[in-house]
file work-v4.txt (compact mmCIF, C-alpha atoms (C1' of nucleotides))
# COMPACT_ATOMS: atom_id res chain seq x y z
CA MET A 35 -96.52 -239.22 60.27
CA LYS A 36 -96.63 -236.75 63.14
CA LEU A 37 -94.73 -233.62 62.17
CA SER A 38 -91.85 -232.47 64.31
CA PRO A 39 -92.25 -228.92 65.67
CA LEU A 40 -89.62 -227.54 63.32
CA THR A 41 -91.25 -229.00 60.26
CA GLN A 42 -94.64 -227.98 61.55
CA ALA A 43 -93.60 -224.34 61.87
CA PHE A 44 -92.23 -224.24 58.35
CA VAL A 45 -95.23 -225.99 56.84
CA LEU A 46 -97.68 -223.67 58.56
CA HIS A 47 -95.75 -220.62 57.45
CA PHE A 48 -95.75 -221.81 53.87
CA GLY A 49 -99.47 -222.33 54.10
CA GLU A 50 -99.92 -218.72 55.15
CA MET A 51 -97.58 -217.39 52.49
CA GLY A 52 -99.33 -219.51 49.92
CA SER A 53 -102.55 -217.64 50.43
CA ARG A 54 -100.69 -214.36 50.00
CA TRP A 55 -99.86 -215.57 46.48
CA GLY A 56 -102.42 -217.17 44.21
CA ILE A 57 -101.66 -220.59 45.73
CA ASN A 58 -104.01 -221.83 48.45
CA ARG A 59 -103.06 -222.89 51.94
CA THR A 60 -103.09 -226.63 51.39
CA VAL A 61 -100.99 -226.38 48.25
CA GLY A 62 -98.42 -224.33 50.13
CA GLN A 63 -98.33 -226.83 52.94
CA ILE A 64 -97.99 -229.81 50.65
CA TYR A 65 -95.11 -228.16 48.88
CA ALA A 66 -93.36 -227.30 52.13
CA LEU A 67 -93.75 -230.86 53.34
CA LEU A 68 -92.30 -232.34 50.17
CA TYR A 69 -89.50 -229.82 50.17
CA LEU A 70 -88.40 -230.81 53.66
CA SER A 71 -88.84 -234.54 53.38
CA SER A 72 -85.71 -236.59 52.82
CA GLU A 73 -87.61 -239.24 50.87
CA PRO A 74 -90.54 -239.06 48.45
CA LEU A 75 -94.03 -239.05 49.98
CA CYS A 76 -97.24 -240.57 48.71
CA ALA A 77 -100.62 -238.91 48.91
CA ASP A 78 -101.63 -240.76 52.07
CA ASP A 79 -98.47 -239.68 53.86
CA ILE A 80 -99.49 -236.11 53.14
CA VAL A 81 -103.08 -236.69 54.26
CA GLU A 82 -101.80 -238.03 57.53
CA SER A 83 -99.23 -235.27 58.07
CA LEU A 84 -101.50 -232.35 57.24
CA GLY A 85 -104.85 -233.70 58.38
CA VAL A 86 -106.72 -232.73 55.24
CA SER A 87 -108.88 -234.85 52.99
CA ARG A 88 -107.52 -237.22 50.44
CA SER A 89 -109.24 -235.39 47.60
CA ASN A 90 -107.80 -232.09 48.69
CA VAL A 91 -104.31 -233.58 48.54
CA SER A 92 -105.05 -234.98 45.12
CA MET A 93 -106.05 -231.57 43.82
CA GLY A 94 -103.12 -229.90 45.51
CA LEU A 95 -100.67 -232.28 43.95
CA ARG A 96 -102.25 -231.70 40.61
CA GLU A 97 -101.76 -227.98 40.95
CA LEU A 98 -98.14 -228.42 41.97
CA GLN A 99 -97.59 -230.62 38.95
CA ALA A 100 -99.11 -227.94 36.74
CA TRP A 101 -96.53 -225.57 38.19
CA ASN A 102 -93.75 -228.10 37.52
CA LEU A 103 -92.79 -227.80 41.15
CA VAL A 104 -92.89 -231.47 42.07
CA LEU A 105 -91.45 -234.65 40.62
CA LEU A 106 -93.34 -237.89 40.36
CA LYS A 107 -91.46 -241.02 41.46
CA HIS A 108 -92.34 -244.69 41.30
CA LEU A 109 -90.89 -247.24 43.66
CA PRO A 110 -90.49 -250.72 42.20
CA GLY A 111 -93.26 -253.07 43.31
CA ASP A 112 -95.45 -250.23 44.57
CA ARG A 113 -98.32 -248.87 42.55
CA ARG A 114 -98.62 -245.64 44.46
CA ASP A 115 -97.33 -242.31 43.18
CA PHE A 116 -94.59 -240.72 45.23
CA PHE A 117 -93.66 -237.06 45.07
CA THR A 118 -90.57 -234.98 45.71
CA THR A 119 -89.20 -231.57 44.93
CA PRO A 120 -85.98 -231.07 43.00
CA ASP A 121 -82.88 -231.07 45.22
CA ASP A 122 -81.42 -227.91 43.79
CA VAL A 123 -82.98 -224.75 45.19
CA TRP A 124 -81.65 -222.73 42.27
CA GLN A 125 -83.49 -225.01 39.91
CA ILE A 126 -86.62 -224.52 41.95
CA LEU A 127 -86.15 -220.78 41.68
CA ARG A 128 -85.81 -220.99 37.91
CA THR A 129 -89.00 -223.02 37.62
CA LEU A 130 -90.88 -220.64 39.87
CA ALA A 131 -89.70 -217.65 37.88
CA GLU A 132 -90.63 -219.28 34.60
CA GLU A 133 -94.10 -220.26 35.73
CA ARG A 134 -94.90 -216.94 37.33
CA LYS A 135 -93.76 -215.16 34.21
CA LYS A 136 -95.98 -217.39 32.13
CA ARG A 137 -99.01 -216.73 34.35
CA GLU A 138 -98.52 -213.12 35.34
CA VAL A 139 -96.30 -211.32 32.87
CA ASP A 140 -97.01 -212.86 29.49
CA PRO A 141 -100.77 -212.27 29.55
CA THR A 142 -100.23 -208.65 30.51
CA LEU A 143 -97.72 -208.16 27.73
CA SER A 144 -100.13 -209.57 25.23
CA VAL A 145 -103.00 -207.37 26.41
CA LEU A 146 -100.74 -204.34 26.21
CA ARG A 147 -99.58 -205.17 22.71
CA GLU A 148 -103.15 -205.70 21.64
CA ILE A 149 -104.24 -202.32 22.93
CA LEU A 150 -101.22 -200.50 21.56
CA MET A 151 -102.11 -201.68 18.06
CA GLN A 152 -105.35 -199.67 18.04
CA ASN A 153 -105.25 -196.01 17.34
CA PRO A 154 -106.49 -193.56 19.91
CA ALA A 155 -109.86 -191.88 19.42
CA ASP A 156 -109.18 -188.80 21.51
CA GLU A 157 -106.69 -187.07 23.74
CA ALA A 158 -107.57 -189.19 26.79
CA GLU A 159 -106.96 -192.36 24.83
CA ARG A 160 -103.73 -190.96 23.46
CA HIS A 161 -102.51 -190.35 26.98
CA ALA A 162 -103.66 -193.73 28.21
CA GLN A 163 -101.83 -195.41 25.37
CA ALA A 164 -98.67 -193.49 26.14
CA ARG A 165 -98.87 -194.77 29.72
CA MET A 166 -99.39 -198.31 28.52
CA ALA A 167 -96.45 -197.94 26.17
CA GLU A 168 -94.28 -196.97 29.13
CA MET A 169 -95.38 -200.02 31.03
CA HIS A 170 -94.89 -202.20 28.00
CA GLY A 171 -91.37 -200.88 27.56
CA LEU A 172 -90.50 -201.57 31.17
CA ILE A 173 -91.78 -205.11 31.05
CA GLU A 174 -89.97 -205.78 27.80
CA GLN A 175 -86.70 -204.64 29.29
CA LEU A 176 -87.18 -206.82 32.33
CA THR A 177 -88.16 -209.89 30.37
CA THR A 178 -85.30 -209.43 27.94
CA TRP A 179 -82.92 -209.37 30.88
CA TYR A 180 -84.64 -212.37 32.37
CA ASP A 181 -84.45 -214.36 29.14
CA ASP A 182 -80.79 -213.55 28.97
CA VAL A 183 -80.01 -214.53 32.52
CA LYS A 184 -82.25 -217.54 32.98
CA THR A 185 -79.98 -219.83 31.02
CA LEU A 186 -76.97 -219.21 33.24
CA GLU A 187 -75.78 -222.17 35.26
CA THR A 188 -75.95 -221.74 38.99
CA ASP A 189 -72.38 -220.67 39.63
CA ARG A 190 -72.50 -217.99 36.94
CA LEU A 191 -75.78 -216.74 38.28
CA ALA A 192 -74.30 -216.58 41.77
CA MET A 193 -71.38 -214.67 40.31
CA LEU A 194 -73.70 -212.18 38.66
CA LEU A 195 -75.63 -211.71 41.87
CA GLY A 196 -72.42 -211.26 43.81
CA LEU A 197 -71.38 -208.52 41.46
CA GLY A 198 -74.62 -206.61 41.97
CA ALA A 199 -74.47 -202.89 41.44
CA ARG A 200 -70.72 -202.90 41.07
CA VAL A 201 -71.23 -203.78 37.43
CA THR A 202 -72.17 -200.22 36.67
CA LYS A 203 -69.15 -198.92 38.54
CA LEU A 204 -67.04 -201.10 36.30
CA LEU A 205 -68.67 -199.65 33.23
CA GLU A 206 -68.11 -196.15 34.52
CA VAL A 207 -64.41 -196.82 34.92
CA LYS A 208 -64.32 -198.29 31.45
CA ASP A 209 -66.05 -195.19 30.07
CA LYS A 210 -63.53 -192.98 31.79
CA ILE A 211 -60.63 -194.90 30.33
CA VAL A 212 -62.14 -194.80 26.89
CA SER A 213 -62.73 -191.07 27.11
CA ILE A 214 -59.11 -190.48 28.12
CA GLY A 215 -57.95 -192.38 25.07
CA ARG A 216 -60.37 -190.34 22.91
CA PRO A 217 -60.48 -186.81 24.36
CA ARG A 218 -63.61 -184.98 23.22
CA ARG A 219 -63.40 -181.75 21.29
CA PRO A 220 -64.72 -178.70 23.17
CA GLY A 221 -68.44 -178.34 22.46
CA ALA A 222 -68.88 -181.91 21.27
CA PRO A 223 -71.65 -183.92 22.99
CA ALA A 224 -70.45 -185.84 26.04
CA SER A 225 -70.98 -189.17 24.20
CA MET B 1019 -116.89 -190.88 33.45
CA LYS B 1020 -117.59 -193.52 30.84
CA LEU B 1021 -114.43 -195.48 30.12
CA SER B 1022 -113.14 -195.65 26.59
CA PRO B 1023 -112.78 -199.21 25.24
CA LEU B 1024 -108.99 -199.07 25.43
CA THR B 1025 -109.00 -197.99 29.04
CA GLN B 1026 -111.75 -200.46 29.80
CA ALA B 1027 -109.72 -203.37 28.46
CA PHE B 1028 -106.68 -202.45 30.51
CA VAL B 1029 -108.67 -201.85 33.68
CA LEU B 1030 -110.46 -205.18 33.39
CA HIS B 1031 -107.22 -207.01 32.76
CA PHE B 1032 -105.65 -205.45 35.82
CA GLY B 1033 -108.64 -206.50 37.84
CA GLU B 1034 -108.11 -210.10 36.76
CA MET B 1035 -104.39 -210.01 37.40
CA GLY B 1036 -105.01 -208.42 40.77
CA SER B 1037 -106.85 -211.49 41.95
CA ARG B 1038 -103.94 -213.62 40.78
CA TRP B 1039 -101.83 -211.74 43.32
CA GLY B 1040 -102.98 -211.02 46.83
CA ILE B 1041 -104.71 -207.85 45.61
CA ASN B 1042 -108.45 -208.02 44.94
CA ARG B 1043 -110.20 -207.15 41.73
CA THR B 1044 -111.40 -203.71 42.70
CA VAL B 1045 -108.01 -202.66 43.99
CA GLY B 1046 -106.43 -203.74 40.72
CA GLN B 1047 -108.99 -201.82 38.72
CA ILE B 1048 -108.63 -198.67 40.78
CA TYR B 1049 -104.91 -198.78 40.33
CA ALA B 1050 -105.16 -199.28 36.59
CA LEU B 1051 -107.56 -196.39 36.31
CA LEU B 1052 -105.31 -194.03 38.24
CA TYR B 1053 -102.30 -195.19 36.30
CA LEU B 1054 -103.91 -194.32 32.97
CA SER B 1055 -105.56 -191.08 33.96
CA SER B 1056 -103.83 -187.89 32.90
CA GLU B 1057 -105.11 -185.99 35.92
CA PRO B 1058 -105.77 -187.00 39.52
CA LEU B 1059 -109.13 -188.61 40.29
CA CYS B 1060 -111.31 -188.36 43.36
CA ALA B 1061 -113.18 -191.26 44.91
CA ASP B 1062 -116.44 -190.41 43.19
CA ASP B 1063 -114.78 -190.36 39.78
CA ILE B 1064 -113.67 -193.90 40.48
CA VAL B 1065 -117.10 -194.96 41.71
CA GLU B 1066 -118.60 -193.69 38.49
CA SER B 1067 -115.96 -195.24 36.23
CA LEU B 1068 -115.93 -198.66 37.81
CA GLY B 1069 -119.51 -198.95 38.99
CA VAL B 1070 -118.67 -200.17 42.47
CA SER B 1071 -119.79 -198.79 45.81
CA ARG B 1072 -118.31 -195.74 47.39
CA SER B 1073 -117.17 -197.71 50.45
CA ASN B 1074 -115.44 -200.27 48.30
CA VAL B 1075 -113.46 -197.51 46.63
CA SER B 1076 -112.58 -196.07 49.98
CA MET B 1077 -111.18 -199.39 51.14
CA GLY B 1078 -109.38 -199.97 47.89
CA LEU B 1079 -107.70 -196.61 48.05
CA ARG B 1080 -106.67 -197.30 51.59
CA GLU B 1081 -105.04 -200.53 50.54
CA LEU B 1082 -103.21 -198.82 47.68
CA GLN B 1083 -101.96 -196.19 50.10
CA ALA B 1084 -100.71 -198.92 52.41
CA TRP B 1085 -98.75 -200.24 49.44
CA ASN B 1086 -97.39 -196.75 48.74
CA LEU B 1087 -98.67 -197.13 45.21
CA VAL B 1088 -100.75 -193.96 45.01
CA LEU B 1089 -100.16 -190.31 45.78
CA LEU B 1090 -102.67 -188.10 47.52
CA LYS B 1091 -103.20 -184.67 45.98
CA HIS B 1092 -105.22 -181.69 47.12
CA LEU B 1093 -106.55 -179.11 44.73
CA PRO B 1094 -106.79 -175.61 46.17
CA GLY B 1095 -110.33 -174.73 47.20
CA ASP B 1096 -111.50 -178.35 47.04
CA ARG B 1097 -111.82 -180.46 50.12
CA ARG B 1098 -111.88 -183.75 48.29
CA ASP B 1099 -108.89 -186.09 48.12
CA PHE B 1100 -107.48 -186.70 44.68
CA PHE B 1101 -105.26 -189.61 43.78
CA THR B 1102 -102.57 -190.35 41.22
CA THR B 1103 -99.79 -192.80 40.60
CA PRO B 1104 -96.18 -191.68 40.24
CA ASP B 1105 -95.25 -190.74 36.67
CA ASP B 1106 -92.11 -192.81 36.55
CA VAL B 1107 -92.76 -196.49 35.91
CA TRP B 1108 -89.31 -197.38 37.22
CA GLN B 1109 -90.19 -195.73 40.49
CA ILE B 1110 -93.40 -197.72 40.58
CA LEU B 1111 -91.41 -200.89 40.03
CA ARG B 1112 -89.10 -200.04 42.90
CA THR B 1113 -92.02 -199.44 45.24
CA LEU B 1114 -93.68 -202.66 44.19
CA ALA B 1115 -90.49 -204.63 44.73
CA GLU B 1116 -89.94 -203.08 48.10
CA GLU B 1117 -93.46 -203.74 49.32
CA ARG B 1118 -93.60 -207.28 48.06
CA LYS B 1119 -90.28 -208.02 49.68
CA LYS B 1120 -91.58 -206.61 52.94
CA ARG B 1121 -94.73 -208.72 52.79
CA GLU B 1122 -93.50 -211.93 51.23
CA VAL B 1123 -89.77 -212.34 51.70
CA ASP B 1124 -88.96 -210.78 55.04
CA PRO B 1125 -91.44 -212.83 57.06
CA THR B 1126 -90.14 -216.01 55.49
CA LEU B 1127 -86.56 -215.08 56.22
CA SER B 1128 -87.40 -214.45 59.82
CA VAL B 1129 -89.23 -217.76 60.21
CA LEU B 1130 -86.29 -219.55 58.65
CA ARG B 1131 -83.80 -217.87 60.94
CA GLU B 1132 -85.95 -218.68 63.93
CA ILE B 1133 -86.09 -222.36 63.05
CA LEU B 1134 -82.43 -222.61 62.18
CA MET B 1135 -81.52 -221.44 65.69
CA GLN B 1136 -83.02 -224.55 67.29
CA ASN B 1137 -81.08 -227.74 67.30
CA PRO B 1138 -82.45 -230.78 65.59
CA ALA B 1139 -83.89 -233.60 67.70
CA ASP B 1140 -83.36 -236.39 65.20
CA GLU B 1141 -82.18 -237.27 61.73
CA ALA B 1142 -85.39 -236.10 60.06
CA GLU B 1143 -85.12 -232.70 61.72
CA ARG B 1144 -81.46 -232.51 60.80
CA HIS B 1145 -82.35 -233.05 57.16
CA ALA B 1146 -85.25 -230.60 57.29
CA GLN B 1147 -82.99 -227.96 58.76
CA ALA B 1148 -80.41 -228.52 56.06
CA ARG B 1149 -83.11 -227.91 53.46
CA MET B 1150 -84.22 -224.77 55.20
CA ALA B 1151 -80.63 -223.61 55.37
CA GLU B 1152 -80.38 -224.00 51.60
CA MET B 1153 -83.50 -221.95 51.12
CA HIS B 1154 -82.29 -219.38 53.57
CA GLY B 1155 -78.98 -219.08 51.74
CA LEU B 1156 -80.71 -218.60 48.42
CA ILE B 1157 -83.00 -215.89 49.72
CA GLU B 1158 -80.12 -214.12 51.41
CA GLN B 1159 -78.17 -214.02 48.16
CA LEU B 1160 -81.13 -212.66 46.28
CA THR B 1161 -81.95 -210.01 48.85
CA THR B 1162 -78.33 -208.95 49.12
CA TRP B 1163 -78.29 -208.44 45.37
CA TYR B 1164 -81.59 -206.61 45.55
CA ASP B 1165 -80.41 -204.30 48.34
CA ASP B 1166 -77.38 -203.54 46.27
CA VAL B 1167 -79.27 -202.83 43.07
CA LYS B 1168 -82.35 -201.06 44.39
CA THR B 1169 -80.53 -197.80 44.99
CA LEU B 1170 -79.39 -197.45 41.38
CA GLU B 1171 -80.90 -194.57 39.47
CA THR B 1172 -82.97 -195.52 36.50
CA ASP B 1173 -80.36 -195.13 33.78
CA ARG B 1174 -77.82 -197.24 35.66
CA LEU B 1175 -80.42 -199.87 36.29
CA ALA B 1176 -81.28 -199.90 32.60
CA MET B 1177 -77.59 -200.25 31.86
CA LEU B 1178 -77.29 -203.22 34.18
CA LEU B 1179 -80.31 -204.86 32.63
CA GLY B 1180 -78.97 -204.24 29.15
CA LEU B 1181 -75.76 -205.96 30.09
CA GLY B 1182 -77.61 -209.06 31.26
CA ALA B 1183 -75.71 -212.30 31.14
CA ARG B 1184 -72.80 -210.70 29.32
CA VAL B 1185 -71.50 -209.60 32.69
CA THR B 1186 -70.24 -213.07 33.38
CA LYS B 1187 -68.57 -213.25 29.98
CA LEU B 1188 -66.75 -210.08 30.93
CA LEU B 1189 -65.59 -211.64 34.16
CA GLU B 1190 -64.39 -214.70 32.29
CA VAL B 1191 -62.25 -212.55 30.03
CA LYS B 1192 -60.92 -210.71 33.03
CA ASP B 1193 -60.03 -214.02 34.71
CA LYS B 1194 -58.22 -215.16 31.61
CA ILE B 1195 -56.17 -211.97 31.47
CA VAL B 1196 -55.32 -212.23 35.14
CA SER B 1197 -54.25 -215.85 34.79
CA ILE B 1198 -51.93 -214.94 31.94
CA GLY B 1199 -50.28 -212.35 34.14
CA ARG B 1200 -49.99 -214.91 36.96
CA PRO B 1201 -49.36 -218.32 35.38
CA ARG B 1202 -50.31 -221.12 37.75
CA ARG B 1203 -47.75 -223.67 38.87
CA PRO B 1204 -48.41 -227.18 37.59
CA GLY B 1205 -50.61 -229.02 40.10
CA ALA B 1206 -51.85 -225.88 41.80
CA PRO B 1207 -55.63 -225.45 42.04
CA ALA B 1208 -57.17 -223.54 39.16
CA SER B 1209 -57.93 -220.56 41.45
C1' DC C 1037 -120.36 -174.66 67.73
C1' DA C 1038 -123.65 -175.90 64.09
C1' DT C 1039 -123.55 -177.27 59.27
C1' DG C 1040 -122.71 -179.98 55.58
C1' DA C 1041 -119.38 -182.01 52.38
C1' DA C 1042 -116.35 -185.69 52.33
C1' DT C 1043 -114.57 -189.89 54.06
C1' DT C 1044 -114.40 -194.02 56.95
C1' DT C 1045 -116.22 -197.80 59.44
C1' DC C 1046 -118.53 -201.92 59.95
C1' DA C 1047 -122.22 -205.53 60.19
C1' DG C 1048 -124.04 -208.45 57.32
C1' DA C 1049 -125.11 -209.86 52.23
C1' DA C 1050 -123.10 -211.67 48.13
C1' DA C 1051 -119.63 -213.86 45.71
C1' DT C 1052 -115.82 -216.69 45.48
C1' DT C 1053 -112.68 -220.12 46.90
C1' DT C 1054 -111.49 -224.07 49.34
C1' DC C 1055 -112.43 -228.44 51.09
C1' DT C 1056 -114.84 -232.81 51.73
C1' DG C 1057 -117.03 -237.34 51.07
C1' DA C 1058 -118.97 -240.28 48.00
C1' DA C 1059 -118.91 -242.06 43.61
C1' DA C 1060 -116.45 -242.90 39.35
C1' DA C 1061 -112.46 -243.96 36.88
C1' DT C 1062 -108.02 -246.08 36.29
C1' DT C 1063 -104.62 -249.54 36.69
C1' DC C 1064 -102.73 -253.72 37.24
C1' DA C 1065 -102.24 -258.53 39.23
C1' DG C 1066 -104.14 -262.89 39.08
C1' DC D 1027 -112.45 -260.68 33.04
C1' DT D 1028 -112.56 -259.82 38.18
C1' DG D 1029 -111.40 -257.40 41.94
C1' DA D 1030 -108.48 -254.82 44.89
C1' DA D 1031 -105.59 -250.77 45.26
C1' DT D 1032 -105.12 -246.23 44.01
C1' DT D 1033 -106.28 -241.87 42.09
C1' DT D 1034 -109.53 -238.50 40.21
C1' DT D 1035 -113.79 -236.10 39.82
C1' DC D 1036 -117.36 -233.37 41.31
C1' DA D 1037 -121.57 -231.65 43.74
C1' DG D 1038 -122.41 -229.33 47.48
C1' DA D 1039 -120.82 -227.84 52.40
C1' DA D 1040 -117.78 -224.83 54.80
C1' DA D 1041 -114.79 -221.12 55.05
C1' DT D 1042 -113.08 -216.99 53.45
C1' DT D 1043 -113.05 -212.82 50.97
C1' DT D 1044 -115.20 -209.07 48.84
C1' DC D 1045 -118.66 -205.74 48.55
C1' DT D 1046 -122.50 -202.83 50.00
C1' DG D 1047 -125.51 -199.50 52.41
C1' DA D 1048 -126.30 -197.22 56.43
C1' DA D 1049 -124.45 -195.05 60.23
C1' DA D 1050 -120.57 -192.75 62.33
C1' DT D 1051 -116.75 -189.73 61.98
C1' DT D 1052 -113.95 -185.91 60.43
C1' DC D 1053 -113.12 -181.35 59.58
C1' DA D 1054 -113.20 -176.78 57.23
C1' DT D 1055 -116.37 -173.02 57.16
C1' DG D 1056 -119.96 -169.73 58.37

call {"tool": "encode", "arguments": {"input": "work-v4.txt", "output": "structure tokens"}}
result
Amino acid sequence: MKLSPLTQAFVLHFGEMGSRWGINRTVGQIYALLYLSSEPLCADDIVESLGVSRSNVSMGLRELQAWNLVLLKHLPGDRRDFFTTPDDVWQILRTLAEERKKREVDPTLSVLREILMQNPADEAERHAQARMAEMHGLIEQLTTWYDDVKTLETDRLAMLLGLGARVTKLLEVKDKIVSIGRPRRPGAPAS
Amino acid sequence: MKLSPLTQAFVLHFGEMGSRWGINRTVGQIYALLYLSSEPLCADDIVESLGVSRSNVSMGLRELQAWNLVLLKHLPGDRRDFFTTPDDVWQILRTLAEERKKREVDPTLSVLREILMQNPADEAERHAQARMAEMHGLIEQLTTWYDDVKTLETDRLAMLLGLGARVTKLLEVKDKIVSIGRPRRPGAPAS
DNA sequence: CATGAATTTCAGAAATTTCTGAAAATTCAG
DNA sequence: CTGAATTTTCAGAAATTTCTGAAATTCATG
């Protein structure tokens, strides 16, 4: 299993990027390899392709399974485990988002909520809590949006992305139309 | 500068989360501290609050400046550097998004483009390239959306978030209305 | 241009993370 | 149950990252 130069380049890059996240180099490389492969690979294929130890691959695969990023396959008449990634990149994105939220956002939210329950002892604590409340509010808004959007099927999601910032333009126009139909009295708040 | 328990809890949590990203513990803690503080802090304040070495704080602050996450302030008649975070959490979010994109997404995009220029030597490379093209397409869609949305002022952005998945429902309704106005001939594609 | 307050740099120590090889566990066919 | 194929575990080696203290640098001021 000698890697072609193209595959090699991608695998090495993913290794580097991996370390920029929490994921380690080998895990990144294993994932890249599985992602590119047209058929499922077993642990020894990976050992051979990446030149790392068998046990390292075993641990890497375990981590990827914990992230729900790989699928386990069994070929009939073969006791070995084979691994792939899902075909659909959008599905991969959804999984990634879900797992990162679980690991990075949820714990922070719960710490913030915890702290915001307490009441402040002094002015410094009052200010600190106000800051945490701001952060909490921001994260809540983002996760609410995420929860709303994550269930969209791929084509709807693509549609939403394609719309981008124009959505707000649309709403503006709508507001204008509404306000023509319901002209505001002089001095009344601008709604 | 003894930290109050509330602040302490938040700072420690940020330290932990920091290591889950590329950022190290101290950098996370420094940021948390600055974020919560009602007035700018100088390096020695941070040393005292966190109990780490002066040089470590210096390096941490440098990293945070590289991320554009802190602001440098100078008090009149004081030669020391003082640091704060921006007041607006939405602005912080924008900066964070921008910097992470720069560090994590852009390099990947450029590697992908590089590889997709080459032409495949065999069937395996052809398949690998197709996979990379899928990933490239996905990232392009996401970054296009991001580029579109990142310029929105905070209230528009909040509006867009509030709308969430309902956007697509809106489009559906619009499509329905349009198709009533322009009934499709039998056998014609559903547009 | 000397002084001293403040900051930065950097070599190496300390801590942490990653990786390996050997041993243990698991699984299944015979 | 035995034994071969496969996977997992884990103690410690190797590599990497983080942190420190001491020295170097910067720079406003007398």

call {"tool": "interface_residues", "arguments": {"input": "work-v4.txt", "of": "chain D", "to": "chain A", "cutoff": "9 Å", "atoms": "only C-alpha atoms (C1' of nucleotides)", "output": "list in words"}}
result
DA1031, DT1032, DT1033 and DT1034 of chain D

call {"tool": "atom_distance", "arguments": {"input": "work-v4.txt", "atom1": "atom CA of Ala1151 of chain B", "atom2": "atom CA of Leu1134 of chain B"}}
result
7.1 Å

call {"tool": "residues_around", "arguments": {"input": "work-v4.txt", "residues": "DA1048 of chain D", "least_positions_apart": "3", "cutoff": "12 Å", "atoms": "only C-alpha atoms (C1' of nucleotides)", "output": "number ranges by chain"}}
result
B: 1073; C: 1045-1048

call {"tool": "interface_residues", "arguments": {"input": "work-v4.txt", "of": "chain C", "to": "chain B", "cutoff": "8 Å", "atoms": "only C-alpha atoms (C1' of nucleotides)", "output": "PyMOL selection string"}}
result
chain C and resi 1042-1044

call {"tool": "write_last_selection", "arguments": {"input": "work-v4.txt", "atoms": "C-alpha atoms (C1' of nucleotides)", "output": "tab-separated table (two decimals), in the coordinates of the input"}}
result
chain	number	residue	atom	x	y	z
C	1042	DA	C1'	-116.35	-185.69	52.33
C	1043	DT	C1'	-114.57	-189.89	54.06
C	1044	DT	C1'	-114.40	-194.02	56.95

call {"tool": "residues_around", "arguments": {"input": "work-v4.txt", "residues": "Arg1043 of chain B", "least_positions_apart": "6", "cutoff": "8 Å", "atoms": "all atoms listed in the file", "output": "PyMOL selection string"}}
result
chain B and resi 1032-1037

call {"tool": "interface_residues", "arguments": {"input": "work-v4.txt", "of": "chain A", "to": "chain B", "cutoff": "8 Å", "atoms": "all atoms listed in the file", "output": "VMD selection string"}}
result
chain A and resid 38 40 to 41 43 to 44 47 51 53 to 56 69 to 72 123 to 124 138 142 145 to 146 149 158 to 159 161 to 163 165 to 166 168 to 169 172 175 to 176 179 to 180 182 to 183 186 190 192 to 199 201 to 202

call {"tool": "write_last_selection", "arguments": {"input": "work-v4.txt", "atoms": "C-alpha atoms", "output": "CSV table (one decimal), in the coordinates of the input"}}
result
chain,number,residue,atom,x,y,z
A,38,SER,CA,-91.8,-232.5,64.3
A,40,LEU,CA,-89.6,-227.5,63.3
A,41,THR,CA,-91.2,-229.0,60.3
A,43,ALA,CA,-93.6,-224.3,61.9
A,44,PHE,CA,-92.2,-224.2,58.4
A,47,HIS,CA,-95.8,-220.6,57.4
A,51,MET,CA,-97.6,-217.4,52.5
A,53,SER,CA,-102.6,-217.6,50.4
A,54,ARG,CA,-100.7,-214.4,50.0
A,55,TRP,CA,-99.9,-215.6,46.5
A,56,GLY,CA,-102.4,-217.2,44.2
A,69,TYR,CA,-89.5,-229.8,50.2
A,70,LEU,CA,-88.4,-230.8,53.7
A,71,SER,CA,-88.8,-234.5,53.4
A,72,SER,CA,-85.7,-236.6,52.8
A,123,VAL,CA,-83.0,-224.8,45.2
A,124,TRP,CA,-81.6,-222.7,42.3
A,138,GLU,CA,-98.5,-213.1,35.3
A,142,THR,CA,-100.2,-208.6,30.5
A,145,VAL,CA,-103.0,-207.4,26.4
A,146,LEU,CA,-100.7,-204.3,26.2
A,149,ILE,CA,-104.2,-202.3,22.9
A,158,ALA,CA,-107.6,-189.2,26.8
A,159,GLU,CA,-107.0,-192.4,24.8
A,161,HIS,CA,-102.5,-190.4,27.0
A,162,ALA,CA,-103.7,-193.7,28.2
A,163,GLN,CA,-101.8,-195.4,25.4
A,165,ARG,CA,-98.9,-194.8,29.7
A,166,MET,CA,-99.4,-198.3,28.5
A,168,GLU,CA,-94.3,-197.0,29.1
A,169,MET,CA,-95.4,-200.0,31.0
A,172,LEU,CA,-90.5,-201.6,31.2
A,175,GLN,CA,-86.7,-204.6,29.3
A,176,LEU,CA,-87.2,-206.8,32.3
A,179,TRP,CA,-82.9,-209.4,30.9
A,180,TYR,CA,-84.6,-212.4,32.4
A,182,ASP,CA,-80.8,-213.6,29.0
A,183,VAL,CA,-80.0,-214.5,32.5
A,186,LEU,CA,-77.0,-219.2,33.2
A,190,ARG,CA,-72.5,-218.0,36.9
A,192,ALA,CA,-74.3,-216.6,41.8
A,193,MET,CA,-71.4,-214.7,40.3
A,194,LEU,CA,-73.7,-212.2,38.7
A,195,LEU,CA,-75.6,-211.7,41.9
A,196,GLY,CA,-72.4,-211.3,43.8
A,197,LEU,CA,-71.4,-208.5,41.5
A,198,GLY,CA,-74.6,-206.6,42.0
A,199,ALA,CA,-74.5,-202.9,41.4
A,201,VAL,CA,-71.2,-203.8,37.4
A,202,THR,CA,-72.2,-200.2,36.7

call {"tool": "residues_around", "arguments": {"input": "work-v4.txt", "residues": "DA1065 of chain C", "least_positions_apart": "2", "cutoff": "10 Å", "atoms": "only C-alpha atoms (C1' of nucleotides)", "output": "PyMOL selection string"}}
result
(chain C and resi 1063) or (chain D and resi 1029-1030)

call {"tool": "write_last_selection", "arguments": {"input": "work-v4.txt", "atoms": "C-alpha atoms (C1' of nucleotides)", "output": "short mmCIF file (atom, residue, chain, number, x, y, z; two decimals), in the coordinates of the input"}}
result
data_model
loop_
_atom_site.label_atom_id
_atom_site.label_comp_id
_atom_site.auth_asym_id
_atom_site.auth_seq_id
_atom_site.Cartn_x
_atom_site.Cartn_y
_atom_site.Cartn_z
"C1'" DT C 1063 -104.62 -249.54 36.69
"C1'" DG D 1029 -111.40 -257.40 41.94
"C1'" DA D 1030 -108.48 -254.82 44.89
#
